[in-house]
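Trainee: For reference, this is coords-v1.csv, and it has CSV, C-alpha atoms and all ligand atoms.
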chain,number,residue,atom,x,y,z
L,1,MET,CA,5.2,36.7,-30.7
L,2,SER,CA,2.7,38.2,-28.3
L,3,SER,CA,3.5,38.6,-24.7
L,4,TYR,CA,1.4,36.8,-22.1
L,5,VAL,CA,-0.6,39.2,-20.0
L,6,ILE,CA,-0.5,36.9,-16.9
L,7,GLN,CA,2.1,34.5,-15.5
L,8,THR,CA,2.2,31.4,-17.8
L,9,PRO,CA,0.8,28.2,-16.2
L,10,PRO,CA,3.4,25.5,-15.8
L,11,VAL,CA,3.6,22.6,-18.3
L,12,VAL,CA,2.0,19.6,-16.6
L,13,SER,CA,4.1,16.5,-16.8
L,14,ILE,CA,4.4,13.0,-15.2
L,15,PRO,CA,7.6,11.3,-14.4
L,16,VAL,CA,9.2,8.6,-16.5
L,17,ALA,CA,10.8,5.6,-14.8
L,18,GLY,CA,14.5,6.0,-15.0
L,19,GLY,CA,14.4,9.7,-15.6
L,20,GLY,CA,12.7,12.4,-17.7
L,21,GLN,CA,9.2,13.8,-17.8
L,22,PHE,CA,6.3,13.2,-20.1
L,23,PRO,CA,4.4,16.4,-20.9
L,24,VAL,CA,0.6,16.0,-20.7
L,25,ARG,CA,-1.8,17.7,-23.1
L,26,ARG,CA,-5.2,16.0,-22.4
L,27,VAL,CA,-6.6,13.3,-20.2
L,28,TYR,CA,-9.4,11.0,-21.5
L,29,CYS,CA,-11.0,8.5,-19.3
L,30,ILE,CA,-13.3,5.6,-20.4
L,31,GLY,CA,-16.3,4.6,-18.3
L,32,ARG,CA,-17.4,1.1,-17.4
L,33,ASN,CA,-14.7,-0.8,-19.4
L,34,TYR,CA,-14.7,-3.9,-17.3
L,35,ALA,CA,-17.9,-5.9,-17.3
L,36,ALA,CA,-17.8,-6.8,-13.6
L,37,HIS,CA,-17.5,-3.1,-12.7
L,38,ALA,CA,-20.4,-2.1,-15.1
L,39,ILE,CA,-22.5,-4.7,-13.3
L,40,GLU,CA,-21.5,-3.4,-9.8
L,41,MET,CA,-22.5,0.1,-10.9
L,42,GLY,CA,-25.9,-1.2,-12.0
L,43,HIS,CA,-25.4,-1.2,-15.7
L,44,ASP,CA,-25.6,-3.6,-18.6
L,45,PRO,CA,-22.1,-5.1,-19.3
L,46,ASN,CA,-22.9,-5.8,-22.9
L,47,ARG,CA,-20.6,-4.1,-25.4
L,48,GLU,CA,-22.3,-0.9,-26.5
L,49,SER,CA,-20.5,2.2,-27.7
L,50,PRO,CA,-17.8,3.3,-25.3
L,51,PHE,CA,-18.1,6.6,-23.5
L,52,PHE,CA,-15.5,9.0,-22.3
L,53,PHE,CA,-15.1,11.8,-19.8
L,54,GLN,CA,-12.1,14.0,-19.1
L,55,LYS,CA,-9.9,14.9,-16.2
L,56,ASN,CA,-7.8,18.0,-16.3
L,57,PRO,CA,-4.1,17.5,-17.0
L,58,ASP,CA,-3.1,19.1,-13.8
L,59,ASN,CA,-5.3,16.7,-11.8
L,60,LEU,CA,-2.5,14.1,-12.4
L,61,ASP,CA,-0.4,13.8,-9.3
L,62,PRO,CA,2.8,11.7,-8.9
L,63,SER,CA,3.3,12.8,-5.3
L,64,GLY,CA,2.1,9.6,-3.5
L,65,GLU,CA,-0.3,11.6,-1.4
L,66,PHE,CA,-4.0,12.1,-2.0
L,67,PRO,CA,-5.7,14.8,0.0
L,68,TYR,CA,-9.2,13.8,0.9
L,69,PRO,CA,-11.3,16.3,-1.1
L,70,ALA,CA,-14.0,18.7,0.2
L,71,HIS,CA,-17.7,18.3,-0.4
L,72,SER,CA,-17.7,14.5,-0.4
L,73,SER,CA,-18.1,11.7,2.2
L,74,ASP,CA,-17.8,8.9,-0.3
L,75,VAL,CA,-14.5,9.1,-2.2
L,76,HIS,CA,-13.8,5.9,-4.2
L,77,HIS,CA,-10.6,4.3,-5.6
L,78,GLU,CA,-10.5,3.1,-9.2
L,79,VAL,CA,-7.2,1.5,-10.3
L,80,GLU,CA,-6.5,2.0,-14.0
L,81,LEU,CA,-3.9,1.4,-16.7
L,82,VAL,CA,-2.7,4.7,-18.1
L,83,VAL,CA,-1.9,4.8,-21.8
L,84,ALA,CA,0.4,7.8,-22.9
L,85,LEU,CA,0.5,8.8,-26.6
L,86,LYS,CA,3.6,10.0,-28.4
L,87,SER,CA,1.6,10.9,-31.6
L,88,GLY,CA,-2.0,11.3,-32.6
L,89,GLY,CA,-4.3,12.2,-35.4
L,90,THR,CA,-7.8,11.5,-36.5
L,91,ASN,CA,-9.5,8.3,-37.7
L,92,ILE,CA,-6.7,6.1,-36.6
L,93,PRO,CA,-7.3,2.5,-37.6
L,94,VAL,CA,-7.3,-0.1,-34.9
L,95,GLU,CA,-4.4,-2.0,-36.6
L,96,ASN,CA,-2.1,1.0,-36.3
L,97,ALA,CA,-3.3,2.4,-33.0
L,98,LEU,CA,-0.5,1.0,-30.8
L,99,ASP,CA,2.1,2.8,-33.0
L,100,HIS,CA,1.0,6.0,-31.2
L,101,VAL,CA,1.6,4.7,-27.7
L,102,TRP,CA,4.7,6.0,-25.9
L,103,GLY,CA,4.2,4.0,-22.7
L,104,TYR,CA,2.1,2.9,-19.8
L,105,ALA,CA,1.7,3.6,-16.1
L,106,VAL,CA,-0.4,2.7,-13.0
L,107,SER,CA,-3.0,5.3,-12.0
L,108,LEU,CA,-6.0,5.9,-9.8
L,109,ASP,CA,-9.2,7.6,-11.0
L,110,MET,CA,-10.2,9.0,-7.7
L,111,THR,CA,-14.0,9.7,-7.7
L,112,ARG,CA,-16.3,11.7,-5.5
L,113,ARG,CA,-18.9,9.0,-5.9
L,114,ASP,CA,-21.7,10.8,-4.1
L,115,LEU,CA,-21.3,13.9,-6.3
L,116,GLN,CA,-21.0,11.8,-9.4
L,117,GLY,CA,-24.1,9.9,-8.5
L,118,GLU,CA,-26.1,13.1,-8.0
L,119,ALA,CA,-24.8,14.4,-11.4
L,120,LYS,CA,-25.9,11.2,-13.1
L,121,LYS,CA,-29.3,11.4,-11.5
L,122,LEU,CA,-29.8,15.0,-12.6
L,123,GLY,CA,-28.3,14.4,-16.1
L,124,ARG,CA,-25.4,16.8,-15.3
L,125,PRO,CA,-21.8,16.5,-16.3
L,126,TRP,CA,-19.4,14.5,-14.2
L,127,GLU,CA,-16.5,16.9,-13.7
L,128,ILE,CA,-17.5,17.7,-10.1
L,129,GLY,CA,-17.1,14.0,-9.2
L,130,LYS,CA,-14.1,13.2,-11.4
L,131,ALA,CA,-12.0,16.2,-12.3
L,132,PHE,CA,-11.1,17.7,-9.0
L,133,GLU,CA,-7.7,18.6,-7.6
L,134,ARG,CA,-5.2,15.8,-7.4
L,135,SER,CA,-7.9,13.3,-8.5
L,136,GLY,CA,-5.4,11.3,-10.6
L,137,PRO,CA,-2.6,9.8,-8.6
L,138,VAL,CA,-0.2,8.3,-11.2
L,139,GLY,CA,3.0,6.3,-11.1
L,140,ALA,CA,6.1,6.6,-13.3
L,141,LEU,CA,5.5,5.9,-17.0
L,142,LYS,CA,7.3,3.0,-18.5
L,143,PRO,CA,8.1,3.1,-22.2
L,144,ALA,CA,6.5,0.5,-24.5
L,145,SER,CA,10.0,-0.1,-25.9
L,146,GLU,CA,10.7,-1.8,-22.6
L,147,VAL,CA,7.4,-3.2,-21.3
L,148,GLY,CA,5.7,-3.9,-24.6
L,149,HIS,CA,1.9,-3.3,-25.0
L,150,PRO,CA,0.2,-5.0,-22.0
L,151,ASP,CA,-3.1,-6.6,-23.1
L,152,HIS,CA,-3.4,-9.1,-20.2
L,153,GLY,CA,-2.1,-9.5,-16.7
L,154,ARG,CA,-3.3,-8.8,-13.2
L,155,ILE,CA,-4.6,-5.3,-12.2
L,156,GLU,CA,-5.1,-4.9,-8.5
L,157,LEU,CA,-5.7,-2.4,-5.7
L,158,LYS,CA,-5.1,-3.0,-2.0
L,159,VAL,CA,-6.3,-0.7,0.8
L,160,ASN,CA,-4.2,-1.1,4.0
L,161,GLY,CA,-2.9,-4.4,2.7
L,162,GLU,CA,-6.3,-5.9,1.9
L,163,VAL,CA,-7.2,-6.6,-1.8
L,164,LYS,CA,-10.2,-4.6,-2.8
L,165,GLN,CA,-10.1,-4.6,-6.6
L,166,GLU,CA,-8.7,-7.3,-8.8
L,167,GLY,CA,-9.1,-8.2,-12.4
L,168,ASP,CA,-7.1,-8.9,-15.6
L,169,MET,CA,-6.5,-6.4,-18.3
L,170,ASN,CA,-7.8,-9.0,-20.8
L,171,GLN,CA,-11.3,-8.3,-19.3
L,172,MET,CA,-11.4,-4.8,-20.8
L,173,ILE,CA,-14.5,-4.5,-23.0
L,174,TRP,CA,-12.8,-2.0,-25.2
L,175,LYS,CA,-9.1,-2.8,-25.8
L,176,VAL,CA,-6.4,-0.2,-25.9
L,177,PRO,CA,-6.1,0.0,-29.7
L,178,GLU,CA,-9.9,0.2,-30.0
L,179,MET,CA,-10.1,3.0,-27.4
L,180,ILE,CA,-7.4,5.0,-29.4
L,181,SER,CA,-9.2,4.4,-32.7
L,182,TYR,CA,-12.6,5.3,-31.3
L,183,LEU,CA,-11.4,8.5,-29.6
L,184,SER,CA,-9.6,9.6,-32.7
L,185,GLU,CA,-12.9,9.6,-34.6
L,186,TYR,CA,-14.3,12.2,-32.2
L,187,PHE,CA,-11.2,14.1,-31.2
L,188,GLU,CA,-7.9,15.0,-32.7
L,189,LEU,CA,-5.4,13.1,-30.7
L,190,ALA,CA,-1.9,14.5,-30.2
L,191,PRO,CA,1.4,13.9,-28.4
L,192,GLY,CA,1.0,14.2,-24.7
L,193,ASP,CA,-2.6,12.8,-24.6
L,194,ILE,CA,-3.3,10.3,-21.8
L,195,ILE,CA,-6.0,7.7,-21.7
L,196,MET,CA,-7.2,6.1,-18.4
L,197,SER,CA,-8.5,2.8,-19.5
L,198,GLY,CA,-11.2,1.9,-16.9
L,199,THR,CA,-11.3,0.0,-13.7
L,200,PRO,CA,-12.1,-3.6,-12.7
L,201,SER,CA,-14.7,-4.4,-10.1
L,202,GLY,CA,-14.4,-3.8,-6.4
L,203,VAL,CA,-14.4,0.0,-6.3
L,204,GLY,CA,-15.1,1.4,-2.8
L,205,PRO,CA,-14.5,4.2,-0.3
L,206,VAL,CA,-11.3,5.4,1.3
L,207,SER,CA,-10.7,7.4,4.5
L,208,LYS,CA,-8.0,9.7,5.7
L,209,GLY,CA,-5.0,7.6,6.9
L,210,ASP,CA,-5.6,4.8,4.4
L,211,THR,CA,-2.8,3.5,2.2
L,212,MET,CA,-3.7,2.5,-1.3
L,213,GLU,CA,-1.4,0.2,-3.3
L,214,ALA,CA,-2.2,-0.1,-6.9
L,215,SER,CA,-0.4,-2.6,-9.1
L,216,ILE,CA,-0.4,-3.8,-12.7
L,217,GLU,CA,1.5,-6.8,-13.8
L,218,GLY,CA,4.6,-5.7,-15.8
L,219,LEU,CA,4.3,-2.1,-14.6
L,220,GLY,CA,5.0,-2.3,-10.9
L,221,SER,CA,3.0,-0.5,-8.2
L,222,LEU,CA,1.9,2.9,-7.0
L,223,THR,CA,1.5,3.6,-3.3
L,224,VAL,CA,-0.7,6.5,-2.3
L,225,LYS,CA,-1.5,7.7,1.2
L,226,VAL,CA,-4.9,9.4,1.8
L,227,VAL,CA,-4.2,12.5,3.8
L,301,MN,MN,-12.6,5.3,-13.9
Please go through the file and, once you have read it, give me the structure as C-alpha cells.
Mentor:
Amino acid sequence: MSSYVIQTPPVVSIPVAGGGQFPVRRVYCIGRNYAAHAIEMGHDPNRESPFFFQKNPDNLDPSGEFPYPAHSSDVHHEVELVVALKSGGTNIPVENALDHVWGYAVSLDMTRRDLQGEAKKLGRPWEIGKAFERSGPVGALKPASEVGHPDHGRIELKVNGEVKQEGDMNQMIWKVPEMISYLSEYFELAPGDIIMSGTPSGVGPVSKGDTMEASIEGLGSLTVKVV
C-alpha cells in the first residue's frame, strides 16, 4: 500500500438519528422537480428529462448554523428531501430502485441565487452558486426500516416562524425511484451517495440572524440559524 504524501482528508459523514454516522461519497441534486417551483423560476413545468447538478460531499453540514457566504447578496433557501443510498450500480430498474435506499433526511439546498443566475445567463456551470462551503445544511438521517419510503406528505420551510415554502412530496415531477434509476443510467451509483430531491415553490432570500426551520412529514425538522 502506498503512503499518502499529504495529510488524508477526513471521511465526510452525516449523523443518523439515534446514533452512528452515514459516510458520504457523492451528492447529486435534481433541478426543478416540483412544478410550482419550475414556474416560479420561469420554466416550463411539463415533464421533460430531469437534470442534475452536484454539491461537494463536504458541503453537507449538520451543525445547525449556516454562515452567510461571501460574494452574494441574494442567498436563497430550498427545503429538500435527502435520499441516502446503501448500495448502487448502473441501469437500476425503477421497480428495484428503493431497495438501494438506506434512509431519508431533511436538508436545505442553499443557493447563491445571484451567482447561479449569472452562470445560467452565461451558459456556465452552477457550482459557484450551489457547491460552496456549508451550502447543504442537513438533519439526522432516519432509516427506511423505520420511516418507510415517503412518497407523499407535507414539506415545509419557515423563516423566523413564517411559512415561506410549502408543498407535498407527491408533487415531485420525478419520483425517488425514477431519480435513482435515471441517475444510474448516467453514473455508477454506490453506497454513500446522496440525492437531494428538489424543492417546492416559495424559495426566497435569507439574511444574517434569520432562523430557518425545515420540516418534512414523518422525518421531523431541521433548525438552522443564518450567522
Ligand atoms: Mn435545489
Trainee: Of the residues L:Ser107, L:Ser135, L:Ser197, L:Ser181, which is the one nearest to Glu213 of chain L, using all atoms listed in the file?
Mentor: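 Among the listed residues, the smallest separation from Glu213 of chain L belongs to L:Ser107.
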Trainee: Would you name the residues within 8 Å of ligand MN 301 (chain L), counting all atoms listed in the file, and put them as a list in words?
Mentor: Cys29, Ile30, Gly31, Arg32, Glu78, Val79, Glu80, Leu108, Asp109, Met110, Thr111, Met196, Ser197, Gly198 and Thr199 of chain L
Trainee: In file coordinates, which residues lie within 7 Å of (4.6, 5.4, -13.9) using only C-alpha atoms, given as JSON, numbers by chain?
Mentor: {"L": [15, 16, 17, 104, 105, 106, 138, 139, 140, 141, 142]}
Trainee: For atom CA of Lys86 of chain L and atom CA of His100 of chain L, quote the distance in Å rounded to one decimal.
Mentor: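 Computed distance, atom CA of Lys86 of chain L to atom CA of His100 of chain L, equals 5.5 Å.
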Trainee: Could you check the closest approach to His37 of chain L for each of L:Pro200, L:Gly19, L:Asn160, L:Thr90 and tell me which residue wins, using only C-alpha atoms?
Mentor: L:Pro200
